[in-house]
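Below: start.pdb (PDB, C-alpha atoms and all ligand atoms)
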ATOM      1  CA  MET A  12      12.213  -5.252   8.258
ATOM      2  CA  ALA A  13      12.315  -2.708   5.466
ATOM      3  CA  VAL A  14      10.413   0.527   6.090
ATOM      4  CA  THR A  15       8.113   1.672   3.312
ATOM      5  CA  ALA A  16       8.895   5.215   2.129
ATOM      6  CA  LEU A  17       6.109   5.498  -0.436
ATOM      7  CA  LEU A  18       2.984   3.388  -0.580
ATOM      8  CA  VAL A  19       1.077   3.847  -3.831
ATOM      9  CA  ASP A  20      -2.402   2.516  -3.196
ATOM     10  CA  GLY A  21      -5.096   2.022  -5.847
ATOM     11  CA  LEU A  22      -3.923   4.979  -7.909
ATOM     12  CA  THR A  23      -5.841   6.025 -11.019
ATOM     13  CA  VAL A  24      -5.023   9.074 -13.149
ATOM     14  CA  ARG A  25      -7.282   9.984 -16.044
ATOM     15  CA  PHE A  26      -6.771  12.398 -18.893
ATOM     16  CA  GLY A  27     -10.304  12.642 -20.258
ATOM     17  CA  SER A  28     -11.480   9.060 -20.615
ATOM     18  CA  PHE A  29      -7.908   7.730 -20.936
ATOM     19  CA  ARG A  30      -6.342   6.083 -17.874
ATOM     20  CA  ALA A  31      -2.639   6.937 -17.785
ATOM     21  CA  ILE A  32      -2.407   5.179 -14.388
ATOM     22  CA  ASP A  33      -4.903   2.414 -13.821
ATOM     23  CA  ASP A  34      -5.528   1.175 -10.261
ATOM     24  CA  LEU A  35      -1.786   1.006  -9.555
ATOM     25  CA  SER A  36      -0.428  -0.183  -6.214
ATOM     26  CA  LEU A  37       3.224  -0.510  -5.256
ATOM     27  CA  ALA A  38       5.559   0.086  -2.326
ATOM     28  CA  ILE A  39       9.017   1.647  -2.383
ATOM     29  CA  ASP A  40      11.229   1.079   0.652
ATOM     30  CA  TYR A  41      13.811   3.212   2.393
ATOM     31  CA  GLY A  42      17.286   2.011   1.495
ATOM     32  CA  GLU A  43      16.460   0.882  -1.999
ATOM     33  CA  VAL A  44      17.079   2.110  -5.509
ATOM     34  CA  ARG A  45      13.917   1.367  -7.478
ATOM     35  CA  ALA A  46      13.852   1.607 -11.247
ATOM     36  CA  VAL A  47      10.540   2.191 -13.006
ATOM     37  CA  ILE A  48      10.678   1.073 -16.616
ATOM     38  CA  GLY A  49       8.249   0.331 -19.431
ATOM     39  CA  PRO A  50       7.328   1.349 -22.966
ATOM     40  CA  ASN A  51       6.536   4.917 -24.017
ATOM     41  CA  GLY A  52       3.225   6.005 -22.558
ATOM     42  CA  ALA A  53       3.273   3.365 -19.789
ATOM     43  CA  GLY A  54       2.640   6.035 -17.129
ATOM     44  CA  LYS A  55       6.130   6.404 -15.629
ATOM     45  CA  THR A  56       6.332  10.187 -15.773
ATOM     46  CA  THR A  57       2.696  10.484 -14.699
ATOM     47  CA  LEU A  58       3.527   8.435 -11.592
ATOM     48  CA  LEU A  59       6.390  10.819 -10.723
ATOM     49  CA  ASP A  60       4.049  13.759 -11.392
ATOM     50  CA  VAL A  61       1.540  12.399  -8.855
ATOM     51  CA  ILE A  62       4.239  11.758  -6.235
ATOM     52  CA  SER A  63       5.562  15.303  -6.681
ATOM     53  CA  GLY A  64       2.086  16.872  -6.511
ATOM     54  CA  ILE A  65       1.991  18.141 -10.099
ATOM     55  CA  THR A  66      -0.837  15.829 -11.163
ATOM     56  CA  ARG A  67      -3.857  14.950  -9.007
ATOM     57  CA  PRO A  68      -5.184  11.409  -9.214
ATOM     58  CA  LYS A  69      -8.801  10.551  -9.823
ATOM     59  CA  GLU A  70      -8.600   7.815  -7.196
ATOM     60  CA  GLY A  71      -6.120   6.360  -4.752
ATOM     61  CA  ARG A  72      -3.458   7.541  -2.349
ATOM     62  CA  VAL A  73       0.309   7.860  -2.061
ATOM     63  CA  ILE A  74       1.279   7.478   1.579
ATOM     64  CA  PHE A  75       4.669   8.940   2.479
ATOM     65  CA  ASP A  76       6.501   8.060   5.675
ATOM     66  CA  ALA A  77       8.144  11.421   6.227
ATOM     67  CA  THR A  78      10.380  10.334   9.063
ATOM     68  CA  GLY A  79      12.734   8.034   7.212
ATOM     69  CA  GLY A  80      11.414   5.183   9.270
ATOM     70  CA  SER A  81      12.439   6.574  12.652
ATOM     71  CA  ALA A  82       8.863   7.146  13.825
ATOM     72  CA  ASN A  83       5.461   6.465  12.442
ATOM     73  CA  VAL A  84       4.377   9.755  10.893
ATOM     74  CA  THR A  85       2.722   9.461   7.502
ATOM     75  CA  PHE A  86       0.609  11.550   5.160
ATOM     76  CA  ASP A  87      -1.085  11.236   1.792
ATOM     77  CA  VAL A  88       0.902  13.339  -0.698
ATOM     78  CA  THR A  89      -2.075  13.560  -3.059
ATOM     79  CA  THR A  90      -3.694  15.960  -0.573
ATOM     80  CA  ARG A  91      -0.651  18.284  -0.354
ATOM     81  CA  SER A  92       0.756  21.053  -2.538
ATOM     82  CA  GLU A  93       3.848  20.643  -4.671
ATOM     83  CA  SER A  94       5.851  22.884  -2.348
ATOM     84  CA  ALA A  95       4.687  21.095   0.816
ATOM     85  CA  ILE A  96       5.714  17.766  -0.718
ATOM     86  CA  ALA A  97       9.153  19.146  -1.636
ATOM     87  CA  ARG A  98       9.576  20.619   1.855
ATOM     88  CA  ALA A  99       8.761  17.248   3.382
ATOM     89  CA  GLY A 100      11.754  15.785   1.512
ATOM     90  CA  ILE A 101      10.399  14.354  -1.754
ATOM     91  CA  ARG A 102      12.621  15.797  -4.473
ATOM     92  CA  ARG A 103      12.892  15.319  -8.193
ATOM     93  CA  LYS A 104      15.325  15.912 -10.990
ATOM     94  CA  PHE A 105      13.386  16.482 -14.173
ATOM     95  CA  GLN A 106      14.323  14.913 -17.471
ATOM     96  CA  LYS A 107      15.562  18.029 -19.255
ATOM     97  CA  PRO A 108      18.515  19.802 -17.638
ATOM     98  CA  SER A 109      17.473  23.317 -16.712
ATOM     99  CA  VAL A 110      20.464  25.003 -15.136
ATOM    100  CA  PHE A 111      21.046  28.743 -14.838
ATOM    101  CA  GLU A 112      23.668  29.344 -17.530
ATOM    102  CA  GLY A 113      25.073  32.463 -15.844
ATOM    103  CA  LEU A 114      25.496  31.032 -12.337
ATOM    104  CA  SER A 115      28.467  29.004 -11.126
ATOM    105  CA  VAL A 116      28.417  25.394 -10.024
ATOM    106  CA  ARG A 117      28.856  26.491  -6.411
ATOM    107  CA  GLN A 118      25.951  28.965  -6.661
ATOM    108  CA  HIS A 119      23.675  26.222  -7.972
ATOM    109  CA  ILE A 120      24.485  23.901  -5.114
ATOM    110  CA  ALA A 121      23.997  26.761  -2.647
ATOM    111  CA  ILE A 122      20.529  27.409  -4.066
ATOM    112  CA  GLY A 123      19.697  23.714  -3.712
ATOM    113  CA  ALA A 124      20.906  23.656  -0.100
ATOM    114  CA  ASP A 125      19.162  26.876   0.817
ATOM    115  CA  ALA A 126      15.877  25.946  -0.817
ATOM    116  CA  GLY A 127      15.941  22.477   0.582
ATOM    117  CA  PHE A 128      16.543  22.532   4.257
ATOM    118  CA  ARG A 129      13.643  22.628   6.616
ATOM    119  CA  ARG A 130      15.767  24.678   8.998
ATOM    120  CA  ARG A 131      18.259  27.165   7.549
ATOM    121  CA  LEU A 132      21.899  26.188   7.863
ATOM    122  CA  ASP A 133      24.359  28.634   9.391
ATOM    123  CA  GLU A 134      27.180  29.847   7.136
ATOM    124  CA  PRO A 135      29.928  27.280   8.001
ATOM    125  CA  ALA A 136      27.443  24.390   7.872
ATOM    126  CA  LEU A 137      26.209  25.621   4.495
ATOM    127  CA  GLU A 138      29.779  25.829   3.136
ATOM    128  CA  ASP A 139      30.498  22.288   4.370
ATOM    129  CA  ARG A 140      27.317  21.047   2.790
ATOM    130  CA  ILE A 141      28.126  22.695  -0.567
ATOM    131  CA  SER A 142      31.665  21.243  -0.596
ATOM    132  CA  GLU A 143      30.426  17.791   0.317
ATOM    133  CA  VAL A 144      27.790  17.782  -2.429
ATOM    134  CA  MET A 145      30.232  19.062  -5.086
ATOM    135  CA  GLU A 146      32.618  16.277  -4.091
ATOM    136  CA  THR A 147      29.868  13.652  -4.262
ATOM    137  CA  VAL A 148      28.744  14.648  -7.757
ATOM    138  CA  GLY A 149      32.340  15.062  -8.952
ATOM    139  CA  LEU A 150      32.248  18.789  -9.696
ATOM    140  CA  THR A 151      34.668  20.163  -7.068
ATOM    141  CA  GLU A 152      37.262  21.213  -9.643
ATOM    142  CA  HIS A 153      34.527  23.050 -11.585
ATOM    143  CA  ALA A 154      33.137  24.917  -8.554
ATOM    144  CA  ASP A 155      33.646  28.393 -10.018
ATOM    145  CA  ARG A 156      32.771  27.624 -13.617
ATOM    146  CA  LEU A 157      29.506  28.889 -15.062
ATOM    147  CA  ALA A 158      26.897  26.223 -15.654
ATOM    148  CA  GLY A 159      26.604  27.359 -19.276
ATOM    149  CA  GLU A 160      30.192  26.167 -19.879
ATOM    150  CA  LEU A 161      29.562  22.633 -18.621
ATOM    151  CA  GLY A 162      29.050  19.569 -20.798
ATOM    152  CA  HIS A 163      25.685  17.776 -20.907
ATOM    153  CA  GLY A 164      26.768  15.104 -18.420
ATOM    154  CA  GLN A 165      28.171  17.689 -16.015
ATOM    155  CA  LYS A 166      24.875  19.625 -16.184
ATOM    156  CA  GLN A 167      22.997  16.454 -15.258
ATOM    157  CA  TRP A 168      25.314  15.896 -12.270
ATOM    158  CA  LEU A 169      24.930  19.543 -11.285
ATOM    159  CA  GLU A 170      21.160  19.152 -11.194
ATOM    160  CA  ILE A 171      21.464  15.965  -9.185
ATOM    161  CA  GLY A 172      23.741  17.948  -6.846
ATOM    162  CA  MET A 173      21.120  20.693  -6.442
ATOM    163  CA  VAL A 174      18.533  18.125  -5.437
ATOM    164  CA  LEU A 175      21.012  16.294  -3.226
ATOM    165  CA  ALA A 176      21.928  19.504  -1.416
ATOM    166  CA  SER A 177      18.437  19.531   0.089
ATOM    167  CA  ASP A 178      19.147  16.138   1.702
ATOM    168  CA  PRO A 179      16.093  14.407   0.201
ATOM    169  CA  LYS A 180      14.372  11.420   1.770
ATOM    170  CA  VAL A 181      12.904  10.427  -1.564
ATOM    171  CA  LEU A 182      15.019  11.257  -4.602
ATOM    172  CA  MET A 183      13.365  10.863  -8.006
ATOM    173  CA  LEU A 184      15.435  10.927 -11.189
ATOM    174  CA  ASP A 185      13.663  11.104 -14.544
ATOM    175  CA  GLU A 186      15.861   9.648 -17.331
ATOM    176  CA  PRO A 187      19.178  10.728 -15.794
ATOM    177  CA  VAL A 188      21.369   9.190 -18.532
ATOM    178  CA  ALA A 189      19.407  10.204 -21.646
ATOM    179  CA  GLY A 190      21.906  11.642 -24.121
ATOM    180  CA  LEU A 191      24.993  10.795 -22.040
ATOM    181  CA  THR A 192      28.087   9.013 -23.372
ATOM    182  CA  ASP A 193      28.914   5.503 -22.144
ATOM    183  CA  GLU A 194      31.562   6.886 -19.821
ATOM    184  CA  GLU A 195      29.178   9.517 -18.414
ATOM    185  CA  THR A 196      26.512   6.841 -17.973
ATOM    186  CA  GLU A 197      28.986   4.699 -16.058
ATOM    187  CA  ARG A 198      29.850   7.629 -13.779
ATOM    188  CA  THR A 199      26.175   8.380 -13.212
ATOM    189  CA  ALA A 200      25.541   4.767 -12.213
ATOM    190  CA  ALA A 201      28.349   4.935  -9.655
ATOM    191  CA  LEU A 202      26.921   8.240  -8.394
ATOM    192  CA  VAL A 203      23.413   6.837  -7.930
ATOM    193  CA  ARG A 204      24.814   3.899  -5.961
ATOM    194  CA  ARG A 205      26.749   6.358  -3.757
ATOM    195  CA  LEU A 206      23.532   8.272  -3.024
ATOM    196  CA  ASN A 207      21.819   5.154  -1.723
ATOM    197  CA  ARG A 208      21.338   5.279   2.086
ATOM    198  CA  PRO A 209      19.212   3.404   4.622
ATOM    199  CA  ASP A 210      17.131   6.535   5.251
ATOM    200  CA  ARG A 211      16.601   7.448   1.608
ATOM    201  CA  ALA A 212      14.563   5.950  -1.220
ATOM    202  CA  ILE A 213      15.712   6.541  -4.800
ATOM    203  CA  VAL A 214      13.300   6.192  -7.712
ATOM    204  CA  VAL A 215      14.714   6.218 -11.245
ATOM    205  CA  VAL A 216      12.774   6.255 -14.510
ATOM    206  CA  GLU A 217      15.056   5.162 -17.342
ATOM    207  CA  HIS A 218      15.080   3.402 -20.736
ATOM    208  CA  ASP A 219      18.770   2.350 -20.651
ATOM    209  CA  MET A 220      18.523  -1.234 -19.399
ATOM    210  CA  ASP A 221      22.249  -1.748 -18.760
ATOM    211  CA  PHE A 222      22.196   1.343 -16.554
ATOM    212  CA  VAL A 223      19.087   0.049 -14.762
ATOM    213  CA  GLU A 224      20.815  -3.271 -14.170
ATOM    214  CA  ARG A 225      23.761  -1.487 -12.541
ATOM    215  CA  ILE A 226      21.773   0.725 -10.187
ATOM    216  CA  ALA A 227      18.465  -0.932  -9.291
ATOM    217  CA  ASP A 228      17.787  -3.153  -6.308
ATOM    218  CA  ARG A 229      14.319  -3.801  -7.707
ATOM    219  CA  VAL A 230      12.587  -2.917 -10.948
ATOM    220  CA  THR A 231       8.914  -2.134 -11.515
ATOM    221  CA  VAL A 232       7.784  -2.620 -15.103
ATOM    222  CA  LEU A 233       4.766  -0.481 -15.979
ATOM    223  CA  HIS A 234       2.524  -1.146 -18.950
ATOM    224  CA  GLU A 235      -0.665   0.785 -19.706
ATOM    225  CA  GLY A 236      -0.672   2.295 -16.229
ATOM    226  CA  ARG A 237      -0.364  -1.012 -14.365
ATOM    227  CA  THR A 238       2.451  -3.103 -12.931
ATOM    228  CA  LEU A 239       3.353  -5.781 -15.440
ATOM    229  CA  PHE A 240       6.221  -7.228 -13.399
ATOM    230  CA  GLU A 241       8.278  -6.409 -10.330
ATOM    231  CA  GLY A 242      11.569  -7.934  -9.235
ATOM    232  CA  PRO A 243      15.337  -7.858  -9.664
ATOM    233  CA  MET A 244      16.636  -7.010 -13.146
ATOM    234  CA  ASP A 245      17.727 -10.565 -14.063
ATOM    235  CA  LYS A 246      14.155 -11.784 -13.469
ATOM    236  CA  VAL A 247      12.763  -8.793 -15.410
ATOM    237  CA  ARG A 248      14.976  -9.615 -18.395
ATOM    238  CA  ALA A 249      13.800 -13.234 -18.344
ATOM    239  CA  ASP A 250      10.054 -12.512 -18.055
ATOM    240  CA  ALA A 251       8.103 -13.426 -21.193
ATOM    241  CA  GLY A 252       5.507 -10.676 -20.696
ATOM    242  CA  VAL A 253       8.148  -7.974 -20.289
ATOM    243  CA  ILE A 254      10.035  -9.222 -23.342
ATOM    244  CA  GLU A 255       6.835  -9.130 -25.353
ATOM    245  CA  VAL A 256       5.725  -5.587 -24.510
ATOM    246  CA  TYR A 257       9.055  -3.874 -23.948
ATOM    247  CA  LEU A 258      12.464  -5.521 -23.997
ATOM    248  CA  GLY A 259      11.941  -7.624 -27.099
ATOM    249  CA  ARG A 260      11.129  -4.649 -29.287
TER     250      ARG A 260
HETATM  251  N1  LIG A 301      -1.469  16.132 -19.549
HETATM  252  C1  LIG A 301      -1.831  15.082 -20.297
HETATM  253  N2  LIG A 301      -2.950  15.099 -21.039
HETATM  254  C2  LIG A 301      -3.321  14.033 -21.781
HETATM  255  N3  LIG A 301      -2.641  12.887 -21.849
HETATM  256  C3  LIG A 301      -1.503  12.810 -21.144
HETATM  257  C4  LIG A 301      -1.038  13.888 -20.329
HETATM  258  N4  LIG A 301       0.128  13.501 -19.734
HETATM  259  C5  LIG A 301       0.366  12.252 -20.157
HETATM  260  N5  LIG A 301      -0.598  11.832 -20.988
HETATM  261  C6  LIG A 301      -0.702  10.505 -21.634
HETATM  262  O1  LIG A 301      -0.611   9.545 -20.602
HETATM  263  C7  LIG A 301       0.147   8.425 -21.025
HETATM  264  C8  LIG A 301       1.264   8.179 -20.064
HETATM  265  O2  LIG A 301       2.259   9.184 -20.223
HETATM  266  P1  LIG A 301       3.628   9.202 -19.415
HETATM  267  O3  LIG A 301       4.354  10.431 -19.850
HETATM  268  O4  LIG A 301       3.365   9.018 -17.996
HETATM  269  O5  LIG A 301       4.345   7.919 -20.015
HETATM  270  P2  LIG A 301       5.838   7.450 -19.803
HETATM  271  O6  LIG A 301       5.777   6.031 -19.354
HETATM  272  O7  LIG A 301       6.568   8.396 -18.925
HETATM  273  O8  LIG A 301       6.413   7.495 -21.285
HETATM  274  P3  LIG A 301       7.859   7.912 -21.870
HETATM  275  O9  LIG A 301       8.733   6.714 -21.697
HETATM  276  O10 LIG A 301       7.550   8.182 -23.320
HETATM  277  O11 LIG A 301       8.314   9.126 -21.115
HETATM  278  C9  LIG A 301       0.611   8.723 -22.444
HETATM  279  O12 LIG A 301      -0.270   8.075 -23.355
HETATM  280  C10 LIG A 301       0.483  10.213 -22.544
HETATM  281  O13 LIG A 301       0.205  10.623 -23.876
END
Please lay out the structure from this file as structure tokens.
Amino acid sequence: MAVTALLVDGLTVRFGSFRAIDDLSLAIDYGEVRAVIGPNGAGKTTLLDVISGITRPKEGRVIFDATGGSANVTFDVTTRSESAIARAGIRRKFQKPSVFEGLSVRQHIAIGADAGFRRRLDEPALEDRISEVMETVGLTEHADRLAGELGHGQKQWLEIGMVLASDPKVLMLDEPVAGLTDEETERTAALVRRLNRPDRAIVVVEHDMDFVERIADRVTVLHEGRTLFEGPMDKVRADAGVIEVYLGR
């Protein structure tokens, strides 16, 4: 049986009288890559903002199983601070790359590892961790280059590496292939699949449907703050409602 990592339960977020999220419920399991798609303004980023503690809902809960399924310890992230949520292992890569231009690739990954771990790693373990992450995101040969010299795709992978260095249980990626070339998009898809593990849930917000098809085990289609459809990508593509509000446009 799949273990639920995040249980979104009756969530409503209001901005004034407008409901950006409207009584939304969904469950994301450990071991899956879940894509969240939908038209502009559907509430995708707002959902990630609630899960990361940036936005407080008007109603509802987001229950996080912090143990990766190994024991039954849960809490409601909507009652915790942004930093407590991050420390518990829910991590996010924001849409816009925001690297430190004057620091090297290795220094970035070290910051991610240092900021991430609940217990500090000793020096050899930290070095191993940094090397492993650079290898995973394909930046080993650029270890000593400054981030400011990297291409757009490499900056995206560097940021994914920073998040990965903290060994997240829930990894959220907001539009990871926006502005990337086809080849970079292809590499990012392979990377996301490599990051998938039984004790990790990956949540990706993205508009590139071919990319979504390559990475997602399941897709949640949001529309006006509610779930319009949920299922594998071939079913999403064939759904008349989804075609009408999103894919057909
Ligand atoms: N801080 C805010 N104040 C007022 N309205 C907001 C705020 N944040 C988001 N909204 C509104 O809530 C709705 C949902 O926005 P959200 O950014 O979650 O959509 P999205 O699905 O991520 O869209 P996109 O694909 O364009 O990124 C939009 O209509 C947006 O204008």
- Message: Since I can't run it myself right now, could you work out what the PyMOL selection byres (((chain A and resi 219) around 10) and not hetatm) selects here and report it as a ChimeraX atom specification?
- Response: /A:48,186-189,196,216-218,220-224
- Item | Picked residues, the PyMOL selection byres (((not hetatm)) within 6 of (chain A and resi 301)), expected as a list in words | Phe26, Ala31, Pro50, Asn51, Gly52, Ala53, Gly54, Lys55, Thr56 and Thr57 of chain A
Wanna dump the region 61-132 of chain A-region 170-177 of chain A contacts at 10 Å for me, each residue with its shortest atom pair and the distance in Å to one decimal, counting all atoms listed in the file, ordered by chain and number, as CSV?
residue,atom,partner,partner_atom,distance
A:Ala97,CA,A:Ser177,CA,9.5
A:Arg98,CA,A:Ser177,CA,9.1
A:Gly100,CA,A:Ser177,CA,7.8
A:Ile101,CA,A:Val174,CA,9.7
A:Arg102,CA,A:Val174,CA,6.4
A:Arg103,CA,A:Val174,CA,6.9
A:Lys104,CA,A:Ile171,CA,6.4
A:Phe105,CA,A:Glu170,CA,8.7
A:Lys107,CA,A:Glu170,CA,9.9
A:Pro108,CA,A:Glu170,CA,7.0
A:Ser109,CA,A:Glu170,CA,7.8
A:Val110,CA,A:Glu170,CA,7.1
A:Val116,CA,A:Gly172,CA,9.3
A:Arg117,CA,A:Met173,CA,9.7
A:Gln118,CA,A:Met173,CA,9.6
A:His119,CA,A:Met173,CA,6.3
A:Ile120,CA,A:Met173,CA,4.8
A:Ala121,CA,A:Ala176,CA,7.6
A:Ile122,CA,A:Met173,CA,7.1
A:Gly123,CA,A:Met173,CA,4.3
A:Ala124,CA,A:Ala176,CA,4.5
A:Asp125,CA,A:Ser177,CA,7.4
A:Ala126,CA,A:Ser177,CA,7.0
A:Gly127,CA,A:Ser177,CA,3.9
A:Phe128,CA,A:Ser177,CA,5.5
A:Arg129,CA,A:Ser177,CA,8.7
- In Å, rounded to a single decimal, give me how far CA of Ile39 (chain A) is from CA of Tyr257 (chain A).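 Result for CA of Tyr257 (chain A) versus CA of Ile39 (chain A): 22.3 Å, one decimal.
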- Nearest to Ala77 (chain A): which of A:Ala227, A:Leu114, A:Ala16, A:Leu58 is it, counting all atoms listed in the file?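 Closest candidate: A:Ala16.
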- Item | Closest of A:Lys69, A:His234, A:Lys180, A:Arg140 to Arg208 (chain A) - atom-to-atom distances counting all atoms listed in the file |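 Closest candidate: A:Lys180.
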- Considering all atoms listed in the file, return as a PyMOL selection string whatever protein or nucleic-acid residues lie within 6 Å of Glu70 (chain A), sequence-local ones (same chain, fewer than 2 positions apart) excluded. chain A and resi 22-23+68
- Would you translate the PyMOL selection byres (((chain A and resi 151-164) around 9) and not hetatm) into the concrete set of residues it matches in this file, as a PyMOL selection string? chain A and resi 108+110-119+142-150+165-169+188+190-192+195-196+199
Hey, can you spit out that residue selection with C-alpha atoms as an mmCIF file, keeping the file's coordinate frame?
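result-v2.cif, written as the output of this step:
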data_model
loop_
_atom_site.group_PDB
_atom_site.id
_atom_site.type_symbol
_atom_site.label_atom_id
_atom_site.label_comp_id
_atom_site.auth_asym_id
_atom_site.auth_seq_id
_atom_site.Cartn_x
_atom_site.Cartn_y
_atom_site.Cartn_z
ATOM 1 C CA PRO A 108 18.515 19.802 -17.638
ATOM 2 C CA VAL A 110 20.464 25.003 -15.136
ATOM 3 C CA PHE A 111 21.046 28.743 -14.838
ATOM 4 C CA GLU A 112 23.668 29.344 -17.530
ATOM 5 C CA GLY A 113 25.073 32.463 -15.844
ATOM 6 C CA LEU A 114 25.496 31.032 -12.337
ATOM 7 C CA SER A 115 28.467 29.004 -11.126
ATOM 8 C CA VAL A 116 28.417 25.394 -10.024
ATOM 9 C CA ARG A 117 28.856 26.491 -6.411
ATOM 10 C CA GLN A 118 25.951 28.965 -6.661
ATOM 11 C CA HIS A 119 23.675 26.222 -7.972
ATOM 12 C CA SER A 142 31.665 21.243 -0.596
ATOM 13 C CA GLU A 143 30.426 17.791 0.317
ATOM 14 C CA VAL A 144 27.790 17.782 -2.429
ATOM 15 C CA MET A 145 30.232 19.062 -5.086
ATOM 16 C CA GLU A 146 32.618 16.277 -4.091
ATOM 17 C CA THR A 147 29.868 13.652 -4.262
ATOM 18 C CA VAL A 148 28.744 14.648 -7.757
ATOM 19 C CA GLY A 149 32.340 15.062 -8.952
ATOM 20 C CA LEU A 150 32.248 18.789 -9.696
ATOM 21 C CA GLN A 165 28.171 17.689 -16.015
ATOM 22 C CA LYS A 166 24.875 19.625 -16.184
ATOM 23 C CA GLN A 167 22.997 16.454 -15.258
ATOM 24 C CA TRP A 168 25.314 15.896 -12.270
ATOM 25 C CA LEU A 169 24.930 19.543 -11.285
ATOM 26 C CA VAL A 188 21.369 9.190 -18.532
ATOM 27 C CA GLY A 190 21.906 11.642 -24.121
ATOM 28 C CA LEU A 191 24.993 10.795 -22.040
ATOM 29 C CA THR A 192 28.087 9.013 -23.372
ATOM 30 C CA GLU A 195 29.178 9.517 -18.414
ATOM 31 C CA THR A 196 26.512 6.841 -17.973
ATOM 32 C CA THR A 199 26.175 8.380 -13.212
#
- Message: For a quick check of understanding, using all atoms listed in the file, which of A:Arg45, A:Arg30, A:Arg72, A:Arg205 has the smallest distance to Val232 (chain A)?
- Response: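 Among the listed residues, A:Arg45 lies closest to Val232 (chain A).
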- Query: A:Asp139, A:Asp40, A:Asp178, A:Asp210: which is nearest Thr15 (chain A), counting all atoms listed in the file?
  - Reply: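 Answer, going by the shortest atom-to-atom distance: A:Asp40.
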- Measure the distance from CA of Asp250 (chain A) to CA of Leu233 (chain A) in Å and round it to one decimal. 13.3 Å
- What gap, in Å, lies between CA of Arg225 (chain A) and CA of Ala46 (chain A)?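 Distance reported for this atom pair: 10.5 Å.
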- Message: Here is a test: counting all atoms listed in the file, which residue of A:Arg198, A:Arg248, A:Arg211, A:Arg237 is nearest to Asp34 (chain A)?
- Response: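 Using all atoms listed in the file, the shortest distance to Asp34 (chain A) belongs to A:Arg237.
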